[in-house]
Number of protein chains: 4
Amino acid sequence: MERLRKVIEESDTTAGRVFDLSIQCLIIVSLITFSVETLPELSEKTQAWLRWIEIATVSIFTLEYFARFVVAKHKVQFVTSFFGVVDLLSILPFYVSTGVDLRSVRAFRLLRLFRIFKLVRYSKAIRRFHRALLIAREELILYLFVTFILLYLASVGIYYFEHDAQPAVFSSVFHSMWWAVATLTTVGYGDVYPVTAGGRIFTFGVLLVGLGVVSVPAGLVASALSKARDLEDSQVARNLLAREEPTERDDI
Amino acid sequence: MERLRKVIEESDTTAGRVFDLSIQCLIIVSLITFSVETLPELSEKTQAWLRWIEIATVSIFTLEYFARFVVAKHKVQFVTSFFGVVDLLSILPFYVSTGVDLRSVRAFRLLRLFRIFKLVRYSKAIRRFHRALLIAREELILYLFVTFILLYLASVGIYYFEHDAQPAVFSSVFHSMWWAVATLTTVGYGDVYPVTAGGRIFTFGVLLVGLGVVSVPAGLVASALSKARDLEDSQVARNLLAREEPTERDDI
Amino acid sequence: MERLRKVIEESDTTAGRVFDLSIQCLIIVSLITFSVETLPELSEKTQAWLRWIEIATVSIFTLEYFARFVVAKHKVQFVTSFFGVVDLLSILPFYVSTGVDLRSVRAFRLLRLFRIFKLVRYSKAIRRFHRALLIAREELILYLFVTFILLYLASVGIYYFEHDAQPAVFSSVFHSMWWAVATLTTVGYGDVYPVTAGGRIFTFGVLLVGLGVVSVPAGLVASALSKARDLEDSQVARNLLAREEPTERDDI
Amino acid sequence: MERLRKVIEESDTTAGRVFDLSIQCLIIVSLITFSVETLPELSEKTQAWLRWIEIATVSIFTLEYFARFVVAKHKVQFVTSFFGVVDLLSILPFYVSTGVDLRSVRAFRLLRLFRIFKLVRYSKAIRRFHRALLIAREELILYLFVTFILLYLASVGIYYFEHDAQPAVFSSVFHSMWWAVATLTTVGYGDVYPVTAGGRIFTFGVLLVGLGVVSVPAGLVASALSKARDLEDSQVARNLLAREEPTERDDI
């Protein structure tokens with residue numbers, strides 16, 4: 001029992017590492033299967049194969065869920081924890097959808113994407129990214145706020161400049177927002193663009209301001225990432241130190 | 001009277017916070033109404049509803065304006081202050097437009113957008129952004145200057161390369177500027193692009209230089225934002241210190 | 001004579017500042033005139049006006065050139081200096097083109113753009129930008145080198161993937177370079193794009209690498225700009241210090 | 001023999017520098033030849049010329065390879081080193097392809113691109129770039145991981161929003177990935193874009209998140225580059241120091 005717990009919850013032993021890697025591979029297989037299913041004109045043979053892979057995947061995930069439940073020291077805490085809920089949501093759609101008719105299945109299928117969150121358990125990368133987002137949180141919210149105001153003003157402005165020239169494309173402020181999104185992010189699909197001189201000069205002004213706003217989060221996240229790394233390094237150092245001199249410093 | 005002033009001007013009390021939040025919601029409702037009005041083919045019923053919401057919004061904003069005027073310690077200072085003018089411009093268009101005919105109304109409607117500036121009163125975010133812009137002001141003006149020169153040179157250059165091949169699109173230096181704006185900001189709508197070998201090589205050169213210029217403000221604003229945050233933090237610290245030891249340090 | 005020199009070469013006095021501003025306005029008027037001339041279907045009246053403005057501009061610039069020559073302490077040094085050459089090239093095309101026929105004029109007209117460099121004399125902004133470029137020079141050359149290699153490899157790669165599917169667009173490695181330029185700079189006009197699965201996956205890979213390369217100069221220039229500012233500030237501080245204690249420190 | 005080694009392996013002497021520069025020029029000539037060969041409708045004369053240049057290039061590269069082999073102190077080490085393999089792969093395709101028929105030649109031709117790696121030997125720039133990538137390696141892998149997850153989720157999302165409206169373009173999750181790549185990198189060719197209101201709002205959300213992720217590597221590489229530069233400078237300083245005081249510090 002204790003040995004099983006070590007295999008499942010820790011990754012210090014070889015068996016634990018093999019277990020972790022297997023689950024990760026299975027998640028990726030599951031996501032690929034999910035994508036392949038959306039391909040048009042699949043042969044019946046392929047569909048049968050996909051069905052079998054799905055059944056196998058769900059079976060293993062169900063076993064994993066019960067194993068994790070059994071070895072968990074605090075059962076309730078595991079079930080209500082983030083990963084407990086994610087693990088359950090990864091398998092539940094399958095069992096629920098087998099009883100009902102096909103129409104509602106499509107919406108349920110999307111729930112299978114919850115499996116992607118299972119990857120987070122193994123990913124130091126996402127944890128660090130998460131930490132970086134927390135560090136830059138205040139600035140990112142500020143950025144979102146300013147971006148929304150900028151988008152709104154840009155949409156209203158282009159609506160007034162271009163509505164008469166292109167009533168079909170800029171038919172309302174809401175339709176103009178699509179232009180504002182594509183322009184301020186510099187994606188510029190080219191399905192909507194100003195044609196009047198006024199609209200083009202306005203676009204230039206909006207872009208001049210937008211360039212100083214829209215790319216800001218990249219800079220924020222980049223510097224937050226390096227701060228997060230420093231934080232981790234200092235924590236690792238502290239842990240190493242604490243291990244060498246095992247005094248009562250667990251309250252840090 | 002003093003209690004009313006506290007509710008309106010401060011946000012320490014519960015009533016004050018409720019008041020602030022209500023006004024903010026009303027501003028956003030007002031902006032959404034403004035956008036919905038531009039939708040084509042609105043039913044008469046919807047138009048009536050929008051009209052009623054507008055009347056209600058303006059009434060409340062008018063009440064707010066008078067309340068702020070009444071509780072203000074320096075009446076003249078309030079009326080001529082930034083927020084006093086914004087509050088007035090948020091309601092004035094409505095009263096003026098009710099007397100005149102429909103043609104000029106459309107231009108007036110745009111004035112209703114001034115209400116977006118009322119949000120600034122409550123927004124720590126915009127104040128910090130404003131401070132960041134002040135910090136990076138000199139660099140941003142420099143960037144604008146260099147961008148204008150770059151745009152101008154790019155427009156003249158592409159005009160000489162592409163005018164003969166595409167006389168309709170690159171019909172003058174001014175028309176070429178639209179290409180320069182869409183290209184240097186990397187939006188690239190795709191409505192205007194060079195087709196000659198010379199024009200394409202020139203575009204490459206312009207972009208090589210442009211990439212080193214056009215994305216610069218994002219970096220400037222990002223670093224200015226973090227400086228502004230440090231400044232605020234140190235001010236908060238100083239205020240806390242000043243409150244603990246209430247000596248004469250108000251001149252800072 | 002000495003008073004004239006002060007007006008022309010320095011901007012401490014009111015007259016000097018007026019002189020500087022007038023020349024700057026004239027440069028901008030001259031650049032606008034240049035652009036207006038490229039407009040199609042100009043009336044004869046407008047063309048006559050433009051001609052007169054050009055003659056007036058060149059006359060004043062000629063006067064300015066001779067005034068600067070006269071007041072210059074080292075005549076030869078002025079004539080061979082950067083600004084001496086720019087001032088001459090700003091007026092020379094006019095005098096040369098009046099004698100010859102119209103065909104070669106168009107190439108000469110472009111030389112009038114040299115006037116834009118006259119602006120540099122008055123621009124602290126461009127001087128700082130120039131200093132920033134010098135600071136980041138080594139990194140920028142490195143960036144250019146890596147960008148060229150990346151562009152070349154991307155062009156060859158997409159040629160092999162897309163040549164068979166779109167022989168007209170990707171007809172050679174050189175033609176594919178246009179795609180590489182538009183893609184790696186994320187302009188994406190949409191006139192050239194991959195259609196095969198291989199080409200699209202290759203595009204994804206190229207963009208993953210490209211995003212780590214192409215936007216780098218913006219970061220380099222942004223940080224160089226702040227270094228240049230610090231440098232200027234410390235120089236100003238040193239100058240102030242030197243003025244207060246007038247010792248022999250001019251060798252710095 | 002020792003003199004030959006100095007010429008080939010070092011660049012302190014004039015002969016060594018001439019040798020290095022000649023090889024570099026030859027590499028660039030070779031790459032240009034490679035590109036010119038892909039041009040359609042080449043005259044037979046040009047093709048003959050290209051053939052001769054190729055033969056000359058390969059001959060010199062072969063001589064260079066043998067010279068490097070001869071002067072190398074550790075023969076095996078040279079042959080198995082990165083540059084030894086690159087040098088061999090730069091000439092091998094030519095010798096192998098002369099014996100076989102034309103079909104497989106095209107794939108072999110691509111191998112000639114290995115010559116671009118020969119440039120690395122002479123390039124301080126690429127070495128520094130390489131060092132910068134090593135410094136930021138962990139963050140870059142993290143960025144790749146997050147980008148892949150973001151791309152996958154964006155593809156699945158847009159598939160569900162747009163599949164019914166545009167079954168031809170968004171026919172599966174894999175097809176939708178092409179949209180996700182072009183959008184998240186802000187290239188925006190304009191061949192694929194959402195048309196439904198849901199899809200457009202989803203695009204906006206994806207871009208808001210994407211802007212905080214996709215441009216991050218540029219910031220990472222820029223700061224890593226400056227760290228790499230500091231590292232080189234301190235190494236140069238240490239080397240200079242070590243030369244002045246030749247004590248046993250080689251273990252650093």
# chains A, B, ... in the order shown; residues from 1 in each chain; ligands from 1

$ interface_residues --of "chain D" --to "chain C" --cutoff "9 Å" --atoms "only C-alpha atoms" --output "number ranges by chain"
D: 34-40, 110, 113, 116, 124-126, 128-129, 140, 144, 175, 178, 181-182, 185-191, 214-223, 225-226, 229

$ residues_around --residues "D:Arg3" --least-positions-apart "4" --cutoff "12 Å" --atoms "only C-alpha atoms" --output "list in words"
Val7, Ile8, Glu9, Glu10, Thr13, Ala15, Gly16 and Val71 of chain D

$ write_last_selection --atoms "all heavy atoms" --output "PDB file, in the first residue's frame"
ATOM      1  N   VAL D   7      47.849  28.915 -40.681  1.00  0.00           N
ATOM      2  CA  VAL D   7      47.014  29.595 -41.687  1.00  0.00           C
ATOM      3  C   VAL D   7      45.582  29.094 -41.613  1.00  0.00           C
ATOM      4  O   VAL D   7      44.616  29.865 -41.655  1.00  0.00           O
ATOM      5  CB  VAL D   7      47.593  29.362 -43.107  1.00  0.00           C
ATOM      6  CG1 VAL D   7      46.598  29.814 -44.162  1.00  0.00           C
ATOM      7  CG2 VAL D   7      48.918  30.083 -43.261  1.00  0.00           C
ATOM      8  N   ILE D   8      45.439  27.768 -41.485  1.00  0.00           N
ATOM      9  CA  ILE D   8      44.098  27.182 -41.560  1.00  0.00           C
ATOM     10  C   ILE D   8      43.333  27.338 -40.255  1.00  0.00           C
ATOM     11  O   ILE D   8      42.163  27.716 -40.256  1.00  0.00           O
ATOM     12  CB  ILE D   8      44.209  25.687 -41.940  1.00  0.00           C
ATOM     13  CG1 ILE D   8      44.703  25.570 -43.379  1.00  0.00           C
ATOM     14  CG2 ILE D   8      42.874  24.984 -41.783  1.00  0.00           C
ATOM     15  CD1 ILE D   8      45.028  24.172 -43.801  1.00  0.00           C
ATOM     16  N   GLU D   9      43.982  27.057 -39.149  1.00  0.00           N
ATOM     17  CA  GLU D   9      43.239  26.997 -37.899  1.00  0.00           C
ATOM     18  C   GLU D   9      43.191  28.312 -37.137  1.00  0.00           C
ATOM     19  O   GLU D   9      42.312  28.516 -36.308  1.00  0.00           O
ATOM     20  CB  GLU D   9      43.816  25.885 -37.003  1.00  0.00           C
ATOM     21  CG  GLU D   9      43.576  24.503 -37.593  1.00  0.00           C
ATOM     22  CD  GLU D   9      43.757  23.400 -36.570  1.00  0.00           C
ATOM     23  OE1 GLU D   9      44.341  23.677 -35.507  1.00  0.00           O
ATOM     24  OE2 GLU D   9      43.321  22.271 -36.826  1.00  0.00           O
ATOM     25  N   GLU D  10      44.157  29.195 -37.387  1.00  0.00           N
ATOM     26  CA  GLU D  10      44.152  30.442 -36.636  1.00  0.00           C
ATOM     27  C   GLU D  10      43.890  31.628 -37.550  1.00  0.00           C
ATOM     28  O   GLU D  10      44.019  31.537 -38.762  1.00  0.00           O
ATOM     29  CB  GLU D  10      45.484  30.608 -35.894  1.00  0.00           C
ATOM     30  CG  GLU D  10      45.501  29.801 -34.604  1.00  0.00           C
ATOM     31  CD  GLU D  10      46.912  29.633 -34.056  1.00  0.00           C
ATOM     32  OE1 GLU D  10      47.681  30.603 -34.151  1.00  0.00           O
ATOM     33  OE2 GLU D  10      47.236  28.532 -33.565  1.00  0.00           O
ATOM     34  N   THR D  13      47.365  35.611 -38.166  1.00  0.00           N
ATOM     35  CA  THR D  13      48.237  36.083 -39.236  1.00  0.00           C
ATOM     36  C   THR D  13      47.419  36.609 -40.409  1.00  0.00           C
ATOM     37  O   THR D  13      46.221  36.351 -40.515  1.00  0.00           O
ATOM     38  CB  THR D  13      49.129  34.935 -39.740  1.00  0.00           C
ATOM     39  OG1 THR D  13      48.244  33.905 -40.223  1.00  0.00           O
ATOM     40  CG2 THR D  13      49.975  34.366 -38.629  1.00  0.00           C
ATOM     41  N   ALA D  15      47.799  35.764 -43.572  1.00  0.00           N
ATOM     42  CA  ALA D  15      47.461  34.618 -44.413  1.00  0.00           C
ATOM     43  C   ALA D  15      46.239  33.888 -43.858  1.00  0.00           C
ATOM     44  O   ALA D  15      45.343  33.484 -44.605  1.00  0.00           O
ATOM     45  CB  ALA D  15      48.652  33.661 -44.497  1.00  0.00           C
ATOM     46  N   GLY D  16      46.210  33.738 -42.545  1.00  0.00           N
ATOM     47  CA  GLY D  16      45.070  33.070 -41.908  1.00  0.00           C
ATOM     48  C   GLY D  16      43.784  33.815 -42.150  1.00  0.00           C
ATOM     49  O   GLY D  16      42.741  33.224 -42.445  1.00  0.00           O
ATOM     50  N   VAL D  71      46.340  18.839 -41.008  1.00  0.00           N
ATOM     51  CA  VAL D  71      46.953  19.649 -39.951  1.00  0.00           C
ATOM     52  C   VAL D  71      46.363  19.378 -38.566  1.00  0.00           C
ATOM     53  O   VAL D  71      46.917  19.825 -37.563  1.00  0.00           O
ATOM     54  CB  VAL D  71      46.819  21.161 -40.251  1.00  0.00           C
ATOM     55  CG1 VAL D  71      47.503  21.493 -41.571  1.00  0.00           C
ATOM     56  CG2 VAL D  71      45.371  21.598 -40.236  1.00  0.00           C
TER      57      VAL D  71
END

$ select_by_dssp --residues "stretch 88-234 of chain A" --states "helix (DSSP H, G or I)" --output "PyMOL selection string"
chain A and resi 88-97+105-122+124-135+137-162+173-184+197-214+216-234
